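Peer 1: For reference, the file my_file.csv (CSV, C-alpha atoms) is included below:
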chain,number,residue,atom,x,y,z
X,1453,MET,CA,142.7,105.4,112.7
X,1454,ASN,CA,139.8,106.3,110.4
X,1455,ALA,CA,138.7,103.7,107.8
X,1456,PRO,CA,139.7,104.6,104.2
X,1457,GLN,CA,137.0,106.6,102.4
X,1458,PRO,CA,135.7,105.2,99.2
X,1459,GLU,CA,136.8,106.9,96.0
X,1460,VAL,CA,135.5,105.5,92.7
X,1461,HIS,CA,135.5,106.3,89.0
X,1462,LEU,CA,133.2,104.5,86.7
X,1463,ALA,CA,132.8,104.9,82.9
X,1464,ILE,CA,129.8,103.4,81.2
X,1465,GLY,CA,128.4,103.4,77.7
X,1466,SER,CA,125.1,105.3,77.2
X,1467,ARG,CA,122.7,102.4,77.8
X,1468,PHE,CA,120.0,102.6,80.4
X,1469,GLU,CA,120.8,99.0,81.6
X,1470,ASN,CA,124.2,100.3,82.8
X,1471,ILE,CA,122.4,102.4,85.5
X,1472,GLU,CA,122.0,99.1,87.4
X,1473,LEU,CA,125.8,98.7,87.3
X,1474,VAL,CA,126.2,102.2,88.8
X,1475,LYS,CA,123.7,101.3,91.5
X,1476,VAL,CA,125.7,98.2,92.6
X,1477,VAL,CA,128.9,100.2,92.9
X,1478,LEU,CA,127.2,103.1,94.6
X,1479,ASP,CA,125.5,100.8,97.1
X,1480,ASP,CA,128.8,99.4,98.1
X,1481,CYS,CA,130.4,102.9,98.6
X,1482,LEU,CA,127.5,104.2,100.5
X,1483,ARG,CA,127.5,101.2,102.8
X,1484,GLN,CA,131.1,102.0,103.6
X,1485,LEU,CA,130.0,105.4,104.7
X,1486,GLU,CA,127.5,103.9,107.0
X,1487,LEU,CA,124.5,105.7,105.7
X,1488,ASP,CA,121.1,104.5,106.8
X,1489,GLU,CA,118.9,102.6,104.3
X,1490,ASP,CA,116.6,105.5,103.7
X,1491,ALA,CA,119.4,108.0,103.0
X,1492,MET,CA,121.0,105.5,100.7
X,1493,HIS,CA,117.8,105.0,98.8
X,1494,TRP,CA,117.2,108.7,98.2
X,1495,MET,CA,120.8,109.3,97.2
X,1496,GLU,CA,120.8,106.4,94.8
X,1497,LEU,CA,117.6,107.7,93.3
X,1498,ALA,CA,119.3,111.1,92.7
X,1499,VAL,CA,122.2,109.4,91.0
X,1500,ARG,CA,119.9,107.3,88.9
X,1501,GLU,CA,118.2,110.5,87.7
X,1502,ALA,CA,121.6,112.1,87.0
X,1503,VAL,CA,122.9,109.2,85.0
X,1504,ALA,CA,119.6,108.7,83.2
X,1505,ASN,CA,119.7,112.4,82.1
X,1506,ALA,CA,123.3,112.1,81.0
X,1507,ILE,CA,122.4,109.0,78.8
X,1508,LYS,CA,119.1,110.4,77.5
X,1509,HIS,CA,119.4,114.1,77.2
X,1510,GLY,CA,123.2,114.5,77.2
X,1511,ASN,CA,124.5,111.6,75.0
X,1512,ARG,CA,121.1,111.1,73.3
X,1513,GLN,CA,121.5,107.3,74.0
X,1514,ASP,CA,124.5,107.0,71.7
X,1515,PRO,CA,126.1,103.9,73.1
X,1516,SER,CA,129.5,105.0,71.8
X,1517,LYS,CA,129.4,108.1,74.1
X,1518,ARG,CA,130.5,107.7,77.7
X,1519,VAL,CA,129.1,108.7,81.0
X,1520,ASP,CA,131.7,109.1,83.7
X,1521,ILE,CA,130.7,108.9,87.3
X,1522,ASP,CA,133.1,109.9,90.2
X,1523,LEU,CA,132.4,109.5,93.8
X,1524,ALA,CA,134.5,110.8,96.6
X,1525,VAL,CA,134.3,112.2,100.1
X,1526,GLU,CA,135.3,115.8,100.2
X,1527,GLY,CA,135.3,117.3,103.7
X,1528,ASP,CA,132.1,116.4,105.4
X,1529,ALA,CA,130.2,115.6,102.2
X,1530,VAL,CA,129.9,112.8,99.7
X,1531,VAL,CA,130.3,114.3,96.2
X,1532,ILE,CA,129.2,112.5,93.0
X,1533,ARG,CA,130.1,113.9,89.6
X,1534,VAL,CA,128.3,112.7,86.5
X,1535,GLU,CA,129.7,113.8,83.2
X,1536,ASP,CA,128.4,113.3,79.7
X,1537,GLN,CA,129.7,114.0,76.2
X,1538,GLY,CA,126.6,115.9,75.0
X,1539,GLU,CA,126.0,119.4,73.9
X,1540,GLY,CA,124.8,120.8,77.2
X,1541,PHE,CA,121.5,122.5,78.1
X,1542,ASN,CA,120.2,125.5,79.9
X,1543,PRO,CA,119.1,124.3,83.4
X,1544,ASP,CA,117.1,127.5,83.9
X,1545,ALA,CA,114.9,126.5,81.0
X,1546,VAL,CA,113.7,123.3,82.7
X,1547,HIS,CA,110.1,123.6,83.7
X,1548,ASP,CA,108.7,123.5,87.2
X,1549,PRO,CA,107.0,120.1,87.6
X,1550,LEU,CA,104.7,121.5,90.4
X,1551,ALA,CA,103.2,124.2,88.1
X,1552,PRO,CA,99.6,123.2,87.3
X,1553,GLU,CA,100.3,123.3,83.5
X,1554,ASN,CA,103.1,120.7,84.0
X,1555,ARG,CA,101.6,118.5,86.6
X,1556,PHE,CA,100.4,115.8,84.1
X,1557,LYS,CA,103.4,115.9,81.8
X,1558,ARG,CA,105.3,112.7,81.4
X,1559,ASP,CA,108.8,114.3,81.7
X,1560,GLY,CA,110.5,116.9,83.6
X,1561,ARG,CA,110.7,115.7,87.2
X,1562,GLY,CA,114.3,114.3,87.4
X,1563,ILE,CA,116.1,117.5,88.3
X,1564,PHE,CA,113.4,118.4,90.8
X,1565,TYR,CA,113.9,115.0,92.5
X,1566,MET,CA,117.7,115.4,92.5
X,1567,LYS,CA,117.4,118.8,94.3
X,1568,LYS,CA,115.0,117.3,96.8
X,1569,PHE,CA,117.2,114.3,97.7
X,1570,MET,CA,120.6,116.0,97.7
X,1571,ASP,CA,121.9,119.1,99.6
X,1572,SER,CA,123.0,120.7,96.3
X,1573,ILE,CA,123.3,120.0,92.6
X,1574,ASP,CA,125.4,122.2,90.3
X,1575,TYR,CA,125.9,122.1,86.5
X,1576,GLY,CA,129.1,122.9,84.7
X,1577,PHE,CA,129.6,122.9,81.0
X,1578,ARG,CA,132.9,122.1,79.3
X,1579,PRO,CA,133.9,124.4,76.4
X,1580,GLY,CA,134.3,121.5,74.0
X,1581,GLY,CA,131.0,119.9,75.0
X,1582,GLY,CA,130.0,117.8,77.9
X,1583,THR,CA,127.9,118.5,81.0
X,1584,VAL,CA,129.3,117.9,84.5
X,1585,LEU,CA,126.6,117.5,87.2
X,1586,THR,CA,127.9,117.7,90.8
X,1587,LEU,CA,125.7,116.2,93.5
X,1588,ARG,CA,126.6,116.9,97.1
X,1589,LYS,CA,125.3,115.4,100.3
X,1590,ARG,CA,126.6,116.2,103.8
X,1591,LEU,CA,127.4,113.2,105.9
X,1592,GLY,CA,126.2,113.0,109.4
X,1593,LYS,CA,123.7,115.7,108.8
X,1594,SER,CA,120.1,115.0,109.6
X,1595,THR,CA,119.4,113.6,106.2
X,1596,LYS,CA,116.5,114.2,103.8
X,1597,SER,CA,115.7,110.5,104.4
X,1598,ASP,CA,112.0,111.3,104.6
X,1599,PRO,CA,111.4,113.8,101.7
X,1600,SER,CA,107.7,113.6,102.2
X,1601,LYS,CA,108.1,115.7,105.3
X,1602,GLU,CA,109.7,118.5,103.3
X,1603,GLU,CA,106.9,119.0,100.9
X,1604,GLY,CA,106.5,122.7,100.1
X,1605,GLN,CA,109.9,123.7,101.4
N,1155,MET,CA,109.6,94.7,86.0
N,1156,LYS,CA,107.1,91.9,85.8
N,1157,ILE,CA,103.4,92.6,85.3
N,1158,THR,CA,100.8,90.0,86.0
N,1159,VAL,CA,97.3,90.8,84.8
N,1160,ARG,CA,94.2,89.3,86.4
N,1161,GLN,CA,90.5,90.1,86.4
N,1162,SER,CA,88.2,90.8,89.4
N,1163,GLY,CA,84.7,91.3,88.0
N,1164,GLU,CA,84.8,94.4,85.9
N,1165,VAL,CA,88.2,95.5,87.2
N,1166,THR,CA,91.5,94.5,85.7
N,1167,ILE,CA,94.2,94.3,88.3
N,1168,LEU,CA,97.9,94.7,87.2
N,1169,ASP,CA,100.3,93.3,89.8
N,1170,LEU,CA,103.5,95.2,89.3
N,1171,LYS,CA,106.7,93.6,90.6
N,1172,GLY,CA,110.2,95.1,90.5
N,1173,LYS,CA,111.5,98.5,89.3
N,1174,ILE,CA,109.6,101.1,87.3
N,1175,THR,CA,112.6,102.8,86.0
N,1176,ILE,CA,113.9,104.3,82.8
N,1177,GLY,CA,114.3,102.1,79.8
N,1178,VAL,CA,112.7,98.9,81.2
N,1179,GLY,CA,110.0,99.1,83.7
N,1180,ASP,CA,108.5,102.3,82.3
N,1181,VAL,CA,108.2,100.8,78.9
N,1182,ALA,CA,106.6,97.6,80.3
N,1183,LEU,CA,104.0,99.6,82.1
N,1184,ARG,CA,103.2,101.7,79.0
N,1185,ASP,CA,102.8,98.6,76.9
N,1186,SER,CA,100.6,96.9,79.4
N,1187,ILE,CA,98.4,99.9,79.8
N,1188,GLY,CA,98.1,100.2,76.0
N,1189,GLN,CA,97.2,96.6,75.7
N,1190,GLN,CA,94.4,96.9,78.3
N,1191,MET,CA,93.0,99.9,76.5
N,1192,GLN,CA,93.1,98.1,73.1
N,1193,GLU,CA,91.2,95.2,74.7
N,1194,GLY,CA,88.6,97.5,76.0
N,1195,ARG,CA,89.5,97.1,79.7
N,1196,LYS,CA,88.9,100.5,81.2
N,1197,ASN,CA,88.8,99.9,84.9
N,1198,LEU,CA,92.4,99.4,86.0
N,1199,LEU,CA,93.8,98.8,89.4
N,1200,LEU,CA,97.6,98.9,89.7
N,1201,ASN,CA,98.8,96.8,92.6
N,1202,THR,CA,102.2,98.4,93.6
N,1203,ALA,CA,102.9,96.4,96.7
N,1204,ASP,CA,105.9,94.8,95.1
N,1205,VAL,CA,107.4,97.8,93.4
N,1206,SER,CA,110.9,98.1,94.8
N,1207,THR,CA,112.1,101.3,93.1
N,1208,ILE,CA,110.5,104.0,90.9
N,1209,ASP,CA,112.3,106.9,89.3
N,1210,SER,CA,111.0,110.1,87.5
N,1211,SER,CA,110.4,108.1,84.3
N,1212,GLY,CA,108.3,105.6,86.3
N,1213,VAL,CA,106.4,108.5,87.9
N,1214,GLY,CA,105.9,110.0,84.4
N,1215,GLU,CA,104.6,106.7,83.2
N,1216,LEU,CA,102.1,106.4,86.1
N,1217,VAL,CA,100.8,109.9,85.3
N,1218,ALA,CA,100.6,109.2,81.6
N,1219,ALA,CA,98.7,106.0,82.3
N,1220,TYR,CA,96.3,107.9,84.4
N,1221,THR,CA,95.6,110.5,81.7
N,1222,THR,CA,95.4,107.8,79.0
N,1223,VAL,CA,92.8,105.9,80.9
N,1224,THR,CA,90.8,108.9,82.1
N,1225,ASN,CA,90.7,110.4,78.6
N,1226,ARG,CA,89.1,107.2,77.4
N,1227,ASP,CA,86.4,107.3,80.1
N,1228,GLY,CA,88.1,104.7,82.2
N,1229,LYS,CA,89.4,104.7,85.7
N,1230,LEU,CA,92.9,104.0,87.0
N,1231,LYS,CA,93.5,103.5,90.7
N,1232,LEU,CA,96.4,102.4,92.9
N,1233,LEU,CA,96.6,99.6,95.4
N,1234,LYS,CA,99.0,99.2,98.3
N,1235,LEU,CA,101.5,102.0,97.7
N,1236,PRO,CA,104.9,101.2,99.4
N,1237,PRO,CA,106.0,104.1,101.6
N,1238,LYS,CA,108.8,105.3,99.3
N,1239,LEU,CA,106.4,105.3,96.3
N,1240,GLN,CA,104.0,107.3,98.4
N,1241,ASP,CA,106.8,109.8,99.3
N,1242,ILE,CA,107.9,110.3,95.7
N,1243,LEU,CA,104.4,110.9,94.5
N,1244,GLN,CA,103.8,113.3,97.4
N,1245,ILE,CA,106.8,115.5,96.8
N,1246,THR,CA,105.7,116.2,93.3
N,1247,GLN,CA,102.2,116.7,94.6
N,1248,LEU,CA,100.8,113.8,92.5
N,1249,ILE,CA,99.5,111.8,95.4
N,1250,THR,CA,96.2,113.6,95.3
N,1251,VAL,CA,95.7,112.8,91.6
N,1252,PHE,CA,95.3,109.1,92.3
N,1253,GLU,CA,92.8,107.2,94.3
N,1254,VAL,CA,94.8,104.9,96.6
N,1255,PHE,CA,93.6,101.9,98.4
N,1256,GLU,CA,95.1,99.6,101.0
N,1257,ASP,CA,92.6,96.8,100.6
N,1258,GLU,CA,91.9,95.1,97.3
N,1259,GLU,CA,88.3,94.3,98.0
N,1260,SER,CA,87.5,97.9,98.8
N,1261,ALA,CA,89.5,99.1,95.8
N,1262,VAL,CA,87.5,96.7,93.4
N,1263,LYS,CA,84.2,97.8,94.9
N,1264,SER,CA,85.0,101.5,94.4
N,1265,PHE,CA,84.9,101.3,90.6
Can you give me the file's structure in the form of structure tokens?
Peer 2:
Amino acid sequence: MNAPQPEVHLAIGSRFENIELVKVVLDDCLRQLELDEDAMHWMELAVREAVANAIKHGNRQDPSKRVDIDLAVEGDAVVIRVEDQGEGFNPDAVHDPLAPENRFKRDGRGIFYMKKFMDSIDYGFRPGGGTVLTLRKRLGKSTKSDPSKEEGQ
Amino acid sequence: MKITVRQSGEVTILDLKGKITIGVGDVALRDSIGQQMQEGRKNLLLNTADVSTIDSSGVGELVAAYTTVTNRDGKLKLLKLPPKLQDILQITQLITVFEVFEDEESAVKSF
């Protein structure tokens, strides 16, 4: 009989310190999935970026606004959804951090890192407001545990 | 994140310990770099050996520190990059921006 798969829902106020709480819960879930340390590290970093964006750009650090995080195994992938209560944005308008003119900018690398560390990331926008970011990572696949080897891909 | 500042000749060494992440570590690094600039210390060596995690805000802060120091005719170099920090700088093609050293003595002499 297979071990039960983790399924988690977390709701946090929009404070950066709450990212550490998400990390603790995520750690526990990913260990149950028997991911190696490297794969866990990069996936956690992707989720950090997602939650940080939801707090900063989505909810504009308004602590009364919530960020919801859901983790589940769907088929052969771990799927993490991060939802904010903000006004949404245009993902196509985000600049390329590798472009020479952006290289020395302070901001603008979070989405790039998420794309590198996960198999896919997708944005959805609720009609009444709120962005839902879905991060997916296939289990058992040769992971992107060493992203440095994928430079330029 | 905890930052300990020490001096080696003309070089100011910042020993960074912990997470350089949004809201805490990134602000601590920005404040500490600003303080060194205010006090006229322009040769900075960031010892990253004990940095456990860095996110995009931390990377942004490193880049901002580099440009701040360079624009004021100073130098900012990195010491003992942990492998994951090296990876994260590499995938955004920032690793070539920084001079990186494994050995403190060589790093200090390079200024």
Peer 1: Please identify all residues of chain X having at least one atom at most 12 Å from any atom of chain N, considering all atoms listed in the file, and return them as a PyMOL selection string.
Peer 2: chain X and resi 1466-1472+1475+1489-1491+1493-1505+1507-1508+1513+1548-1552+1554-1569+1596-1605
Peer 1: One number please: atom CA of N:Thr1222 to atom CA of N:Gln1192, in Å, one decimal.
Peer 2: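 Interatomic distance, atom CA of N:Thr1222 to atom CA of N:Gln1192: 11.6 Å.
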Peer 1: Just to confirm, what's the straight-line distance from atom CA of X:His1509 to atom CA of X:Phe1541 in Å (one decimal)?
Peer 2: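 Here the two named atoms are 8.7 Å from each other.
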Peer 1: Ranking X:Leu1485, X:Ala1524, X:Ile1573, X:Ala1506 by minimum distance to X:Gly1540 and counting all atoms listed in the file, which one comes first?
Peer 2: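 Result for the nearest residue to X:Gly1540: X:Ala1506.
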Peer 1: I'd like the interatomic distance between atom CA of N:Leu1198 and atom CA of N:Asp1257, to a tenth of an Å.
Peer 2: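 We find that atom CA of N:Leu1198 and atom CA of N:Asp1257 lie 14.8 Å from each other.
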Peer 1: Hey, what's within 8 Å of N:Phe1255 if we count only C-alpha atoms and toss same-chain stuff fewer than 4 positions away? As JSON, numbers by chain, please?
Peer 2: {"N": [1231, 1232, 1233, 1234, 1235, 1260, 1261]}
